file upload-v6.cif (mmCIF, C-alpha atoms and all ligand atoms)
data_structure
#
loop_
_atom_site.label_atom_id
_atom_site.label_comp_id
_atom_site.auth_asym_id
_atom_site.auth_seq_id
_atom_site.Cartn_x
_atom_site.Cartn_y
_atom_site.Cartn_z
CA MET A 1 92.44 2.21 195.66
CA THR A 2 92.32 -1.50 196.51
CA GLY A 3 94.18 -4.59 195.37
CA THR A 4 97.73 -5.85 195.69
CA MET A 5 101.09 -4.60 194.52
CA GLU A 6 104.76 -5.49 194.29
CA GLY A 7 106.90 -4.47 197.24
CA VAL A 8 110.11 -5.22 199.11
CA CYS A 9 109.14 -6.04 202.67
CA LYS A 10 110.83 -6.53 205.98
CA MET A 11 108.75 -9.49 207.12
CA ALA A 12 110.13 -10.25 210.60
CA PRO A 13 112.87 -9.14 213.00
CA GLY A 14 116.28 -10.39 211.85
CA PRO A 15 118.40 -10.14 208.69
CA GLY A 16 116.90 -10.15 205.19
CA ALA A 17 113.96 -8.79 203.21
CA GLU A 18 111.48 -10.26 200.73
CA PHE A 19 110.24 -9.19 197.31
CA ARG A 20 106.51 -9.93 197.24
CA THR A 21 103.68 -9.50 194.76
CA ASP A 22 100.83 -9.76 197.27
CA VAL A 23 101.38 -6.57 199.30
CA PRO A 24 98.05 -4.76 199.91
CA ILE A 25 97.96 -1.33 198.23
CA PRO A 26 98.11 1.04 201.24
CA SER A 27 94.84 2.72 202.23
CA ILE A 28 95.49 6.36 203.11
CA THR A 29 94.37 8.38 206.13
CA PRO A 30 92.66 11.78 205.61
CA ASP A 31 96.11 13.39 206.20
CA GLN A 32 97.90 11.42 203.47
CA VAL A 33 98.16 11.16 199.70
CA LEU A 34 98.80 7.95 197.81
CA MET A 35 101.87 8.19 195.58
CA LYS A 36 102.48 5.99 192.55
CA VAL A 37 106.21 5.31 192.92
CA HIS A 38 108.39 5.95 189.86
CA ALA A 39 111.87 5.59 191.39
CA THR A 40 113.33 4.85 194.83
CA ALA A 41 117.04 4.98 195.66
CA ILE A 42 118.70 2.60 198.10
CA CYS A 43 120.15 4.32 201.18
CA GLY A 44 122.84 3.14 203.60
CA THR A 45 120.04 3.04 206.16
CA ASP A 46 118.23 0.44 204.05
CA LEU A 47 121.31 -1.77 204.30
CA HIS A 48 121.10 -1.46 208.09
CA LEU A 49 117.40 -2.30 208.04
CA TYR A 50 118.14 -5.31 205.84
CA ALA A 51 120.98 -6.47 208.09
CA TRP A 52 118.89 -5.71 211.20
CA ASN A 53 121.38 -3.81 213.34
CA GLU A 54 120.49 -2.02 216.57
CA TYR A 55 119.21 1.05 214.67
CA ALA A 56 116.73 -1.18 212.83
CA ALA A 57 115.68 -3.22 215.86
CA THR A 58 114.87 -0.14 217.95
CA ARG A 59 112.87 1.65 215.21
CA MET A 60 111.20 -0.95 212.98
CA LYS A 61 108.30 -2.09 215.15
CA ASN A 62 105.43 -2.32 212.63
CA LEU A 63 106.36 -5.54 210.79
CA PRO A 64 105.77 -6.64 208.12
CA ILE A 65 106.49 -3.31 206.42
CA VAL A 66 107.55 -2.00 203.01
CA PHE A 67 110.76 0.00 203.47
CA GLY A 68 112.67 2.47 201.22
CA HIS A 69 112.45 6.24 201.65
CA GLU A 70 114.43 8.10 198.93
CA THR A 71 111.73 8.35 196.34
CA ALA A 72 109.78 10.25 193.71
CA GLY A 73 106.45 9.66 192.01
CA GLU A 74 103.04 11.11 191.28
CA ILE A 75 99.93 11.58 193.39
CA VAL A 76 97.08 9.19 192.50
CA GLU A 77 94.78 9.78 195.50
CA VAL A 78 94.34 12.71 197.90
CA GLY A 79 93.13 12.45 201.53
CA ALA A 80 90.20 14.57 202.74
CA ASN A 81 92.36 16.88 204.93
CA VAL A 82 95.00 17.51 202.26
CA THR A 83 94.87 20.88 200.53
CA GLY A 84 97.07 22.27 197.78
CA TRP A 85 97.78 18.93 196.13
CA LYS A 86 95.97 17.10 193.35
CA VAL A 87 96.07 13.84 191.41
CA GLY A 88 98.90 13.94 188.87
CA ASP A 89 101.23 16.22 190.89
CA ARG A 90 104.87 15.09 190.65
CA ILE A 91 106.42 14.82 194.10
CA SER A 92 109.28 13.67 196.28
CA VAL A 93 109.04 12.83 199.97
CA GLU A 94 110.70 14.13 203.15
CA THR A 95 111.59 11.13 205.33
CA HIS A 96 111.20 12.97 208.63
CA ILE A 97 107.51 13.08 209.57
CA PRO A 98 107.15 15.86 212.19
CA CYS A 99 104.44 15.94 214.88
CA GLY A 100 103.69 19.63 214.37
CA HIS A 101 103.37 20.57 218.06
CA CYS A 102 106.63 19.85 219.97
CA LEU A 103 109.23 22.52 220.88
CA GLN A 104 111.34 21.94 217.74
CA CYS A 105 108.29 21.96 215.47
CA SER A 106 107.14 25.21 217.06
CA ILE A 107 110.51 26.98 216.63
CA GLY A 108 110.89 26.16 212.94
CA ASN A 109 112.91 22.94 213.22
CA PRO A 110 110.38 20.25 212.24
CA HIS A 111 113.21 18.20 210.68
CA ILE A 112 114.48 17.47 214.22
CA CYS A 113 111.01 17.02 215.77
CA ASP A 114 111.00 15.43 219.23
CA ASN A 115 108.29 12.92 218.22
CA MET A 116 109.55 12.17 214.74
CA LYS A 117 108.21 9.29 212.69
CA LEU A 118 110.21 8.06 209.71
CA PHE A 119 108.83 7.31 206.25
CA GLY A 120 110.06 3.89 205.11
CA ILE A 121 111.40 2.97 208.58
CA THR A 122 108.78 3.39 211.32
CA GLU A 123 106.05 3.92 208.67
CA PRO A 124 105.44 2.15 205.32
CA GLY A 125 107.79 3.31 202.55
CA ALA A 126 108.51 3.26 198.85
CA PHE A 127 110.18 0.04 197.68
CA ALA A 128 106.77 -0.68 196.15
CA GLU A 129 104.34 0.40 193.44
CA TYR A 130 102.43 2.74 195.78
CA ALA A 131 103.30 4.54 199.01
CA PRO A 132 101.26 6.54 201.54
CA VAL A 133 102.75 10.01 202.11
CA HIS A 134 101.85 12.41 204.96
CA LYS A 135 100.71 15.84 203.74
CA ASP A 136 103.45 17.60 205.74
CA CYS A 137 106.17 15.62 203.93
CA ILE A 138 105.22 16.21 200.29
CA VAL A 139 107.76 18.08 198.16
CA ARG A 140 106.83 19.40 194.73
CA LEU A 141 109.23 18.10 192.11
CA ASP A 142 110.59 20.81 189.82
CA ASP A 143 109.38 20.25 186.23
CA ALA A 144 112.98 20.18 185.05
CA LEU A 145 113.80 17.11 187.20
CA THR A 146 113.31 13.46 186.23
CA TYR A 147 111.86 10.98 188.73
CA GLU A 148 115.33 9.40 189.03
CA GLN A 149 116.78 12.79 189.99
CA GLY A 150 113.83 13.24 192.34
CA ALA A 151 114.75 10.00 194.09
CA MET A 152 118.25 11.42 194.72
CA LEU A 153 117.02 14.56 196.47
CA GLU A 154 116.57 13.13 199.96
CA ALA A 155 120.14 11.85 200.24
CA MET A 156 121.49 14.87 198.41
CA GLY A 157 119.62 17.05 200.91
CA ALA A 158 121.47 15.58 203.88
CA GLY A 159 124.77 16.53 202.24
CA VAL A 160 123.56 19.91 201.00
CA HIS A 161 122.31 20.73 204.50
CA GLY A 162 125.92 20.17 205.57
CA VAL A 163 127.11 22.50 202.81
CA GLU A 164 124.63 25.14 203.98
CA LYS A 165 125.95 24.89 207.56
CA ALA A 166 129.56 25.13 206.37
CA GLN A 167 128.81 28.45 204.59
CA VAL A 168 131.21 27.61 201.79
CA LYS A 169 130.97 30.68 199.55
CA ASP A 170 134.49 31.98 198.72
CA LYS A 171 136.02 29.44 201.11
CA VAL A 172 138.48 26.59 200.80
CA VAL A 173 136.57 23.45 201.76
CA LEU A 174 137.76 19.98 202.65
CA VAL A 175 135.29 17.20 201.78
CA SER A 176 136.08 13.82 203.35
CA GLY A 177 134.39 10.84 201.71
CA CYS A 178 133.50 10.63 198.02
CA GLY A 179 130.62 8.15 198.02
CA PRO A 180 127.30 9.29 196.52
CA ILE A 181 126.60 11.92 199.20
CA GLY A 182 130.20 13.18 199.16
CA LEU A 183 130.06 13.58 195.38
CA MET A 184 126.84 15.58 195.66
CA VAL A 185 128.42 17.67 198.43
CA ILE A 186 131.34 18.50 196.14
CA GLY A 187 128.96 19.55 193.34
CA ALA A 188 126.93 21.59 195.83
CA CYS A 189 130.05 23.35 197.21
CA LYS A 190 130.92 24.31 193.64
CA ALA A 191 127.38 25.56 192.95
CA HIS A 192 127.45 27.54 196.22
CA GLY A 193 130.61 29.34 195.14
CA ALA A 194 133.36 27.62 197.15
CA LYS A 195 136.76 29.05 196.20
CA LYS A 196 138.57 25.71 196.24
CA ILE A 197 137.48 22.14 197.04
CA ILE A 198 139.91 19.56 198.39
CA ALA A 199 138.36 16.07 198.31
CA CYS A 200 139.72 12.99 200.00
CA ASP A 201 138.87 9.30 200.03
CA LEU A 202 140.65 5.96 200.28
CA PHE A 203 139.69 4.82 196.77
CA GLU A 204 141.20 6.19 193.55
CA GLU A 205 138.04 5.45 191.54
CA LYS A 206 136.00 7.64 193.88
CA LEU A 207 138.63 10.40 193.72
CA GLU A 208 138.31 10.37 189.92
CA ARG A 209 134.57 10.95 190.27
CA ALA A 210 135.25 13.70 192.81
CA LYS A 211 137.23 15.56 190.15
CA ILE A 212 134.38 15.14 187.66
CA MET A 213 132.02 16.69 190.25
CA GLY A 214 134.28 19.72 190.61
CA ALA A 215 136.94 18.94 193.22
CA ASP A 216 140.05 21.05 192.52
CA ILE A 217 142.33 18.71 194.41
CA ALA A 218 141.69 15.01 195.10
CA VAL A 219 143.90 13.34 197.70
CA ASN A 220 144.11 9.76 198.88
CA SER A 221 143.66 10.00 202.64
CA ARG A 222 145.16 6.63 203.45
CA ASP A 223 148.15 8.73 204.46
CA ALA A 224 146.85 11.67 206.55
CA GLN A 225 150.10 13.55 205.84
CA ALA A 226 149.14 13.73 202.14
CA VAL A 227 145.98 15.59 203.17
CA PHE A 228 147.94 18.02 205.39
CA ASP A 229 150.44 18.60 202.56
CA ALA A 230 147.63 19.41 200.10
CA VAL A 231 145.99 21.74 202.63
CA LYS A 232 149.32 23.46 203.28
CA ALA A 233 149.94 23.93 199.58
CA HIS A 234 146.53 25.47 198.90
CA THR A 235 145.73 27.53 202.02
CA VAL A 236 147.34 30.14 204.26
CA SER A 237 146.74 28.36 207.55
CA GLY A 238 144.23 25.58 206.98
CA VAL A 239 140.88 25.06 205.26
CA ASP A 240 138.00 27.39 206.14
CA ALA A 241 135.48 24.59 206.41
CA ALA A 242 135.52 20.79 206.54
CA ILE A 243 132.59 18.51 205.76
CA ASP A 244 132.85 14.88 206.84
CA ILE A 245 130.71 12.27 205.14
CA THR A 246 132.74 9.27 206.30
CA GLY A 247 131.83 9.14 209.99
CA ASN A 248 135.28 7.63 210.38
CA GLY A 249 137.22 8.65 213.49
CA LYS A 250 140.55 8.96 211.71
CA ALA A 251 139.03 11.04 208.90
CA ILE A 252 137.28 13.31 211.41
CA ASN A 253 140.53 13.91 213.30
CA THR A 254 142.38 14.59 210.05
CA GLY A 255 139.67 17.06 209.04
CA LEU A 256 139.77 18.85 212.39
CA LYS A 257 143.54 19.26 212.21
CA ALA A 258 143.30 20.49 208.61
CA LEU A 259 140.94 23.31 209.67
CA ARG A 260 142.19 26.83 210.30
CA LYS A 261 141.38 28.47 213.64
CA ALA A 262 137.72 29.53 213.93
CA GLY A 263 136.86 27.25 211.01
CA ILE A 264 133.60 25.30 210.71
CA PHE A 265 133.46 21.51 210.91
CA VAL A 266 130.27 19.77 209.81
CA SER A 267 129.59 16.08 210.44
CA VAL A 268 127.21 14.52 207.93
CA GLY A 269 128.41 10.90 208.21
CA LEU A 270 127.51 8.88 211.29
CA PRO A 271 130.32 7.30 213.33
CA ASP A 272 129.69 3.74 214.40
CA GLY A 273 129.85 4.26 218.18
CA GLU A 274 131.98 6.80 220.08
CA ILE A 275 135.10 8.38 218.64
CA SER A 276 137.95 10.16 220.35
CA VAL A 277 138.79 13.82 219.65
CA SER A 278 141.10 16.21 221.48
CA LEU A 279 138.62 18.89 222.56
CA THR A 280 141.35 21.04 224.11
CA GLU A 281 143.82 21.09 221.21
CA ASP A 282 141.55 20.68 218.21
CA ILE A 283 138.34 22.48 219.16
CA ILE A 284 138.45 24.69 222.26
CA TYR A 285 141.79 26.51 221.88
CA ARG A 286 141.23 26.86 218.16
CA GLU A 287 137.63 28.10 218.50
CA ILE A 288 136.35 25.55 216.01
CA VAL A 289 132.61 25.52 215.35
CA TYR A 290 131.57 21.86 215.30
CA THR A 291 128.08 20.93 214.20
CA GLY A 292 126.12 18.07 212.68
CA VAL A 293 123.10 17.78 210.43
CA SER A 294 120.06 15.56 210.76
CA GLY A 295 118.22 15.34 207.49
CA ARG A 296 117.21 18.41 205.57
CA ARG A 297 115.62 21.74 206.50
CA MET A 298 111.95 21.59 205.56
CA PHE A 299 111.85 22.72 202.93
CA GLU A 300 114.65 25.23 202.30
CA THR A 301 117.22 22.49 201.66
CA TRP A 302 114.93 20.75 199.15
CA GLU A 303 114.58 23.99 197.16
CA ASP A 304 118.34 24.49 197.40
CA CYS A 305 118.96 20.96 196.00
CA MET A 306 116.66 21.49 193.04
CA GLU A 307 118.39 24.79 192.23
CA ILE A 308 121.79 23.08 192.45
CA ILE A 309 120.67 20.31 190.07
CA LYS A 310 119.62 22.98 187.57
CA THR A 311 122.96 24.83 187.89
CA PRO A 312 124.87 24.72 184.57
CA GLY A 313 127.79 22.33 184.89
CA PHE A 314 126.23 20.29 187.69
CA SER A 315 125.32 16.70 186.83
CA LEU A 316 124.00 13.81 188.90
CA GLU A 317 125.15 11.33 186.24
CA PRO A 318 128.40 10.36 188.03
CA VAL A 319 126.38 9.78 191.23
CA ILE A 320 123.87 7.27 189.83
CA GLY A 321 125.36 3.78 190.05
CA GLY A 322 122.66 1.71 188.40
CA ILE A 323 118.92 1.35 187.79
CA TYR A 324 117.20 -1.91 188.68
CA LYS A 325 113.69 -3.29 188.70
CA LEU A 326 112.07 -3.72 192.11
CA GLU A 327 112.32 -7.50 191.82
CA GLN A 328 116.11 -7.17 191.29
CA PHE A 329 116.44 -5.74 194.78
CA GLU A 330 118.97 -8.38 195.87
CA GLU A 331 121.12 -7.73 192.76
CA ALA A 332 121.20 -4.02 193.54
CA LEU A 333 122.24 -4.77 197.12
CA ALA A 334 124.97 -7.10 195.86
CA ALA A 335 126.29 -4.33 193.61
CA ILE A 336 126.51 -1.96 196.58
CA ARG A 337 128.24 -4.56 198.74
CA GLY A 338 130.59 -5.30 195.83
CA GLY A 339 131.76 -1.68 195.85
CA VAL A 340 130.09 -0.53 192.62
CA PRO A 341 130.21 3.28 192.99
CA GLY A 342 127.13 5.49 192.96
CA LYS A 343 123.53 5.22 194.14
CA MET A 344 121.37 2.29 193.09
CA ILE A 345 117.83 3.12 192.05
CA LEU A 346 114.87 0.71 192.04
CA LYS A 347 111.95 1.19 189.66
CA PRO A 348 108.63 -0.62 190.10
ZN ZN A 401 118.32 7.83 203.20
ZN ZN A 402 107.43 17.81 216.59
#

call {"tool": "encode", "arguments": {"input": "upload-v6.cif", "output": "structure tokens", "more": "lines below"}}
Ligand SMILES: [Zn+2]
Ligand SMILES: [Zn+2]
result
Amino acid sequence: MTGTMEGVCKMAPGPGAEFRTDVPIPSITPDQVLMKVHATAICGTDLHLYAWNEYAATRMKNLPIVFGHETAGEIVEVGANVTGWKVGDRISVETHIPCGHCLQCSIGNPHICDNMKLFGITEPGAFAEYAPVHKDCIVRLDDALTYEQGAMLEAMGAGVHGVEKAQVKDKVVLVSGCGPIGLMVIGACKAHGAKKIIACDLFEEKLERAKIMGADIAVNSRDAQAVFDAVKAHTVSGVDAAIDITGNGKAINTGLKALRKAGIFVSVGLPDGEISVSLTEDIIYREIVYTGVSGRRMFETWEDCMEIIKTPGFSLEPVIGGIYKLEQFEEALAAIRGGVPGKMILKP
């Protein structure tokens, strides 16, 4: 396919991005398909790319580039080496593009590949009408899902991967942070059979949404003691698992102290720099299992997410903050910065 399209581009190093109507429609390699984009959600990472922090500066080398990676659409062109996919297939996209031959790829962990490329960050992405997608990163969208729900899967997957690691079935779980991913984590804990979910956040509006998603107890964590009191009231000796989506040092320490001995702590949120934790008192002597997640398992977590979305009682409605046209990109960003809850979705 040739011609031009609309797209939101990072034009040069430094803050900002540009909506343009003269972006060349990407030509695909034999290992790619071309996807007509139907919906792309805005990620926290996109805000970093826009602002041009260190993460952006060290990874975004191929400028100008269309960014955006949480997306869903349909295949309109198939590369010569791509089998099993045809024009018209409804798909979503895994952001992590694995090399296929490193140690992690060879032991079944392609999502943490040692030579990973990133769709919409190091490679062209989906804030546009069309996007090139590597054959190893295509996910078939369940017929029951809309494209908007499909665009939520990537971010949901990061949280659900955390839920998988926390092994929440029949457990009391503490979820710290009730932004979009936290809300999906709460819904996923419920769908995975958690016995009780204690949610905490600093904002009452988010705590209200946490209850809608299935949190049994919602506590304002401005005062850590309120969290400990809730944990004490609802457990024998602490929560069985804690999932942190905040990346905040204080929240992580509160979560660790709220855990029972031999509990599991999962970090989904990324701390800004180093944080301080008492290894001796809060991890070693209490035999805490501490782990993190990087993206989603390919593709078990994706299947898990689609099953969760189809679970009766689960709804993504409270998680979607607004739907904007591609050209309203700046308005959507302003809404996020203004604290409007939920994920913002762009549609070409
Ligand atoms: Zn993302
Ligand atoms: Zn690899």

call {"tool": "atom_distance", "arguments": {"input": "upload-v6.cif", "atom1": "CA of Ile284 in chain A", "atom2": "CA of Asp272 in chain A"}}
result
24.0 Å

call {"tool": "residues_near_ligand", "arguments": {"input": "upload-v6.cif", "ligand": "ligand ZN 402 (chain A)", "cutoff": "12 Å", "atoms": "all atoms listed in the file", "output": "PyMOL selection string"}}
result
chain A and resi 96-117+136

call {"tool": "closest_atom_pairs", "arguments": {"input": "upload-v6.cif", "of": "chain A", "to": "ligand ZN 401 (chain A)", "cutoff": "9 Å", "atoms": "only C-alpha atoms and all ligand atoms", "output": "tab-separated table"}}
result
residue	atom	partner	partner_atom	distance
A:Ala41	CA	A:ZN401	ZN	8.2
A:Ile42	CA	A:ZN401	ZN	7.3
A:Cys43	CA	A:ZN401	ZN	4.4
A:Gly44	CA	A:ZN401	ZN	6.5
A:Thr45	CA	A:ZN401	ZN	5.9
A:Asp46	CA	A:ZN401	ZN	7.4
A:Gly68	CA	A:ZN401	ZN	8.0
A:His69	CA	A:ZN401	ZN	6.3
A:Glu70	CA	A:ZN401	ZN	5.8
A:Thr95	CA	A:ZN401	ZN	7.8
A:Glu154	CA	A:ZN401	ZN	6.5
A:Ala155	CA	A:ZN401	ZN	5.3
A:Ala158	CA	A:ZN401	ZN	8.4
A:Gly295	CA	A:ZN401	ZN	8.6

call {"tool": "closest_residue", "arguments": {"input": "upload-v6.cif", "among": "A:Gly88, A:Gly249, A:Gly187, A:Pro13", "to": "Lys310 in chain A", "atoms": "all atoms listed in the file"}}
result
A:Gly187

call {"tool": "residues_near_point", "arguments": {"input": "upload-v6.cif", "point": "(95.3, 6.3, 204.3)", "cutoff": "10 Å", "atoms": "all atoms listed in the file", "output": "list of chain:residue names"}}
result
A:Met1, A:Pro26, A:Ser27, A:Ile28, A:Thr29, A:Pro30, A:Asp31, A:Gln32, A:Val33, A:Leu34, A:Glu77, A:Val78, A:Gly79, A:Ala80, A:Ala131, A:Pro132, A:Val133, A:His134

call {"tool": "atom_distance", "arguments": {"input": "upload-v6.cif", "atom1": "CA of Arg140 in chain A", "atom2": "CA of Val185 in chain A"}}
result
22.0 Å

call {"tool": "closest_residue", "arguments": {"input": "upload-v6.cif", "among": "A:Asp282, A:Glu94, A:Glu287, A:Glu54", "to": "Gly150 in chain A", "atoms": "only C-alpha atoms"}}
result
A:Glu94

call {"tool": "closest_residue", "arguments": {"input": "upload-v6.cif", "among": "A:Pro318, A:Gly255, A:Gly157, A:Gly247", "to": "Lys211 in chain A", "atoms": "all atoms listed in the file"}}
result
A:Pro318

call {"tool": "closest_residue", "arguments": {"input": "upload-v6.cif", "among": "A:Asp201, A:Asp216, A:Glu18, A:Asp143", "to": "Glu330 in chain A", "atoms": "all atoms listed in the file"}}
result
A:Glu18

call {"tool": "closest_residue", "arguments": {"input": "upload-v6.cif", "among": "A:Val293, A:Thr83, A:Ile121, A:Ile65", "to": "Phe19 in chain A", "atoms": "only C-alpha atoms"}}
result
A:Ile65

call {"tool": "atom_distance", "arguments": {"input": "upload-v6.cif", "atom1": "CA of Ile275 in chain A", "atom2": "CA of Ser221 in chain A"}}
result
18.2 Å

call {"tool": "residues_around", "arguments": {"input": "upload-v6.cif", "residues": "Lys169 in chain A", "least_positions_apart": "2", "cutoff": "9 Å", "atoms": "all atoms listed in the file", "output": "PyMOL selection string"}}
result
chain A and resi 166-167+171-172+189-190+192-195

call {"tool": "closest_residue", "arguments": {"input": "upload-v6.cif", "among": "A:Val266, A:Ile198, A:Val236, A:Val139", "to": "Phe299 in chain A", "atoms": "all atoms listed in the file"}}
result
A:Val139

call {"tool": "residues_around", "arguments": {"input": "upload-v6.cif", "residues": "Phe127 in chain A", "least_positions_apart": "4", "cutoff": "12 Å", "atoms": "all atoms listed in the file", "output": "PyMOL selection string"}}
result
chain A and resi 5-10+17-21+23+35-43+46+65-73+119-121+131-132+151+324-329+345-348

call {"tool": "write_last_selection", "arguments": {"input": "upload-v6.cif", "atoms": "C-alpha atoms", "output": "mmCIF file, keeping the file's coordinate frame"}}
result
data_model
loop_
_atom_site.group_PDB
_atom_site.id
_atom_site.type_symbol
_atom_site.label_atom_id
_atom_site.label_comp_id
_atom_site.auth_asym_id
_atom_site.auth_seq_id
_atom_site.Cartn_x
_atom_site.Cartn_y
_atom_site.Cartn_z
ATOM 1 C CA MET A 5 101.090 -4.600 194.520
ATOM 2 C CA GLU A 6 104.760 -5.490 194.290
ATOM 3 C CA GLY A 7 106.900 -4.470 197.240
ATOM 4 C CA VAL A 8 110.110 -5.220 199.110
ATOM 5 C CA CYS A 9 109.140 -6.040 202.670
ATOM 6 C CA LYS A 10 110.830 -6.530 205.980
ATOM 7 C CA ALA A 17 113.960 -8.790 203.210
ATOM 8 C CA GLU A 18 111.480 -10.260 200.730
ATOM 9 C CA PHE A 19 110.240 -9.190 197.310
ATOM 10 C CA ARG A 20 106.510 -9.930 197.240
ATOM 11 C CA THR A 21 103.680 -9.500 194.760
ATOM 12 C CA VAL A 23 101.380 -6.570 199.300
ATOM 13 C CA MET A 35 101.870 8.190 195.580
ATOM 14 C CA LYS A 36 102.480 5.990 192.550
ATOM 15 C CA VAL A 37 106.210 5.310 192.920
ATOM 16 C CA HIS A 38 108.390 5.950 189.860
ATOM 17 C CA ALA A 39 111.870 5.590 191.390
ATOM 18 C CA THR A 40 113.330 4.850 194.830
ATOM 19 C CA ALA A 41 117.040 4.980 195.660
ATOM 20 C CA ILE A 42 118.700 2.600 198.100
ATOM 21 C CA CYS A 43 120.150 4.320 201.180
ATOM 22 C CA ASP A 46 118.230 0.440 204.050
ATOM 23 C CA ILE A 65 106.490 -3.310 206.420
ATOM 24 C CA VAL A 66 107.550 -2.000 203.010
ATOM 25 C CA PHE A 67 110.760 0.000 203.470
ATOM 26 C CA GLY A 68 112.670 2.470 201.220
ATOM 27 C CA HIS A 69 112.450 6.240 201.650
ATOM 28 C CA GLU A 70 114.430 8.100 198.930
ATOM 29 C CA THR A 71 111.730 8.350 196.340
ATOM 30 C CA ALA A 72 109.780 10.250 193.710
ATOM 31 C CA GLY A 73 106.450 9.660 192.010
ATOM 32 C CA PHE A 119 108.830 7.310 206.250
ATOM 33 C CA GLY A 120 110.060 3.890 205.110
ATOM 34 C CA ILE A 121 111.400 2.970 208.580
ATOM 35 C CA ALA A 131 103.300 4.540 199.010
ATOM 36 C CA PRO A 132 101.260 6.540 201.540
ATOM 37 C CA ALA A 151 114.750 10.000 194.090
ATOM 38 C CA TYR A 324 117.200 -1.910 188.680
ATOM 39 C CA LYS A 325 113.690 -3.290 188.700
ATOM 40 C CA LEU A 326 112.070 -3.720 192.110
ATOM 41 C CA GLU A 327 112.320 -7.500 191.820
ATOM 42 C CA GLN A 328 116.110 -7.170 191.290
ATOM 43 C CA PHE A 329 116.440 -5.740 194.780
ATOM 44 C CA ILE A 345 117.830 3.120 192.050
ATOM 45 C CA LEU A 346 114.870 0.710 192.040
ATOM 46 C CA LYS A 347 111.950 1.190 189.660
ATOM 47 C CA PRO A 348 108.630 -0.620 190.100
#

call {"tool": "decode", "arguments": {"input": "upload-v6.cif", "residues": "range 165-176 of chain A", "atoms": "N, CA, C and O atoms", "output": "PDB file, in the first residue's frame"}}
result
ATOM      1  N   LYS A 165       1.460 -13.935  38.756  1.00  0.00           N
ATOM      2  CA  LYS A 165       2.617 -14.204  39.625  1.00  0.00           C
ATOM      3  C   LYS A 165       2.221 -14.239  41.101  1.00  0.00           C
ATOM      4  O   LYS A 165       2.845 -14.926  41.905  1.00  0.00           O
ATOM      5  N   ALA A 166       1.203 -13.471  41.463  1.00  0.00           N
ATOM      6  CA  ALA A 166       0.778 -13.412  42.867  1.00  0.00           C
ATOM      7  C   ALA A 166      -0.065 -14.624  43.270  1.00  0.00           C
ATOM      8  O   ALA A 166      -0.330 -14.825  44.458  1.00  0.00           O
ATOM      9  N   GLN A 167      -0.481 -15.424  42.300  1.00  0.00           N
ATOM     10  CA  GLN A 167      -1.260 -16.650  42.571  1.00  0.00           C
ATOM     11  C   GLN A 167      -2.383 -16.380  43.575  1.00  0.00           C
ATOM     12  O   GLN A 167      -2.363 -16.883  44.690  1.00  0.00           O
ATOM     13  N   VAL A 168      -3.343 -15.593  43.132  1.00  0.00           N
ATOM     14  CA  VAL A 168      -4.305 -14.993  44.073  1.00  0.00           C
ATOM     15  C   VAL A 168      -5.481 -15.880  44.481  1.00  0.00           C
ATOM     16  O   VAL A 168      -6.232 -15.514  45.385  1.00  0.00           O
ATOM     17  N   LYS A 169      -5.659 -17.011  43.828  1.00  0.00           N
ATOM     18  CA  LYS A 169      -6.858 -17.828  44.113  1.00  0.00           C
ATOM     19  C   LYS A 169      -6.972 -18.140  45.609  1.00  0.00           C
ATOM     20  O   LYS A 169      -6.010 -18.592  46.227  1.00  0.00           O
ATOM     21  N   ASP A 170      -8.140 -17.851  46.171  1.00  0.00           N
ATOM     22  CA  ASP A 170      -8.459 -18.100  47.582  1.00  0.00           C
ATOM     23  C   ASP A 170      -7.580 -17.302  48.553  1.00  0.00           C
ATOM     24  O   ASP A 170      -7.482 -17.645  49.739  1.00  0.00           O
ATOM     25  N   LYS A 171      -6.944 -16.258  48.061  1.00  0.00           N
ATOM     26  CA  LYS A 171      -6.069 -15.468  48.930  1.00  0.00           C
ATOM     27  C   LYS A 171      -6.641 -14.081  49.200  1.00  0.00           C
ATOM     28  O   LYS A 171      -7.477 -13.574  48.451  1.00  0.00           O
ATOM     29  N   VAL A 172      -6.145 -13.473  50.282  1.00  0.00           N
ATOM     30  CA  VAL A 172      -6.436 -12.065  50.538  1.00  0.00           C
ATOM     31  C   VAL A 172      -5.318 -11.266  49.880  1.00  0.00           C
ATOM     32  O   VAL A 172      -4.138 -11.504  50.126  1.00  0.00           O
ATOM     33  N   VAL A 173      -5.717 -10.337  48.998  1.00  0.00           N
ATOM     34  CA  VAL A 173      -4.740  -9.611  48.182  1.00  0.00           C
ATOM     35  C   VAL A 173      -4.841  -8.114  48.443  1.00  0.00           C
ATOM     36  O   VAL A 173      -5.942  -7.551  48.504  1.00  0.00           O
ATOM     37  N   LEU A 174      -3.674  -7.496  48.572  1.00  0.00           N
ATOM     38  CA  LEU A 174      -3.625  -6.034  48.676  1.00  0.00           C
ATOM     39  C   LEU A 174      -3.218  -5.483  47.318  1.00  0.00           C
ATOM     40  O   LEU A 174      -2.199  -5.906  46.758  1.00  0.00           O
ATOM     41  N   VAL A 175      -4.014  -4.563  46.770  1.00  0.00           N
ATOM     42  CA  VAL A 175      -3.671  -3.926  45.496  1.00  0.00           C
ATOM     43  C   VAL A 175      -3.418  -2.443  45.772  1.00  0.00           C
ATOM     44  O   VAL A 175      -4.319  -1.728  46.208  1.00  0.00           O
ATOM     45  N   SER A 176      -2.184  -2.004  45.517  1.00  0.00           N
ATOM     46  CA  SER A 176      -1.836  -0.601  45.765  1.00  0.00           C
ATOM     47  C   SER A 176      -1.794   0.158  44.444  1.00  0.00           C
ATOM     48  O   SER A 176      -1.010  -0.175  43.562  1.00  0.00           O
TER      49      SER A 176
END
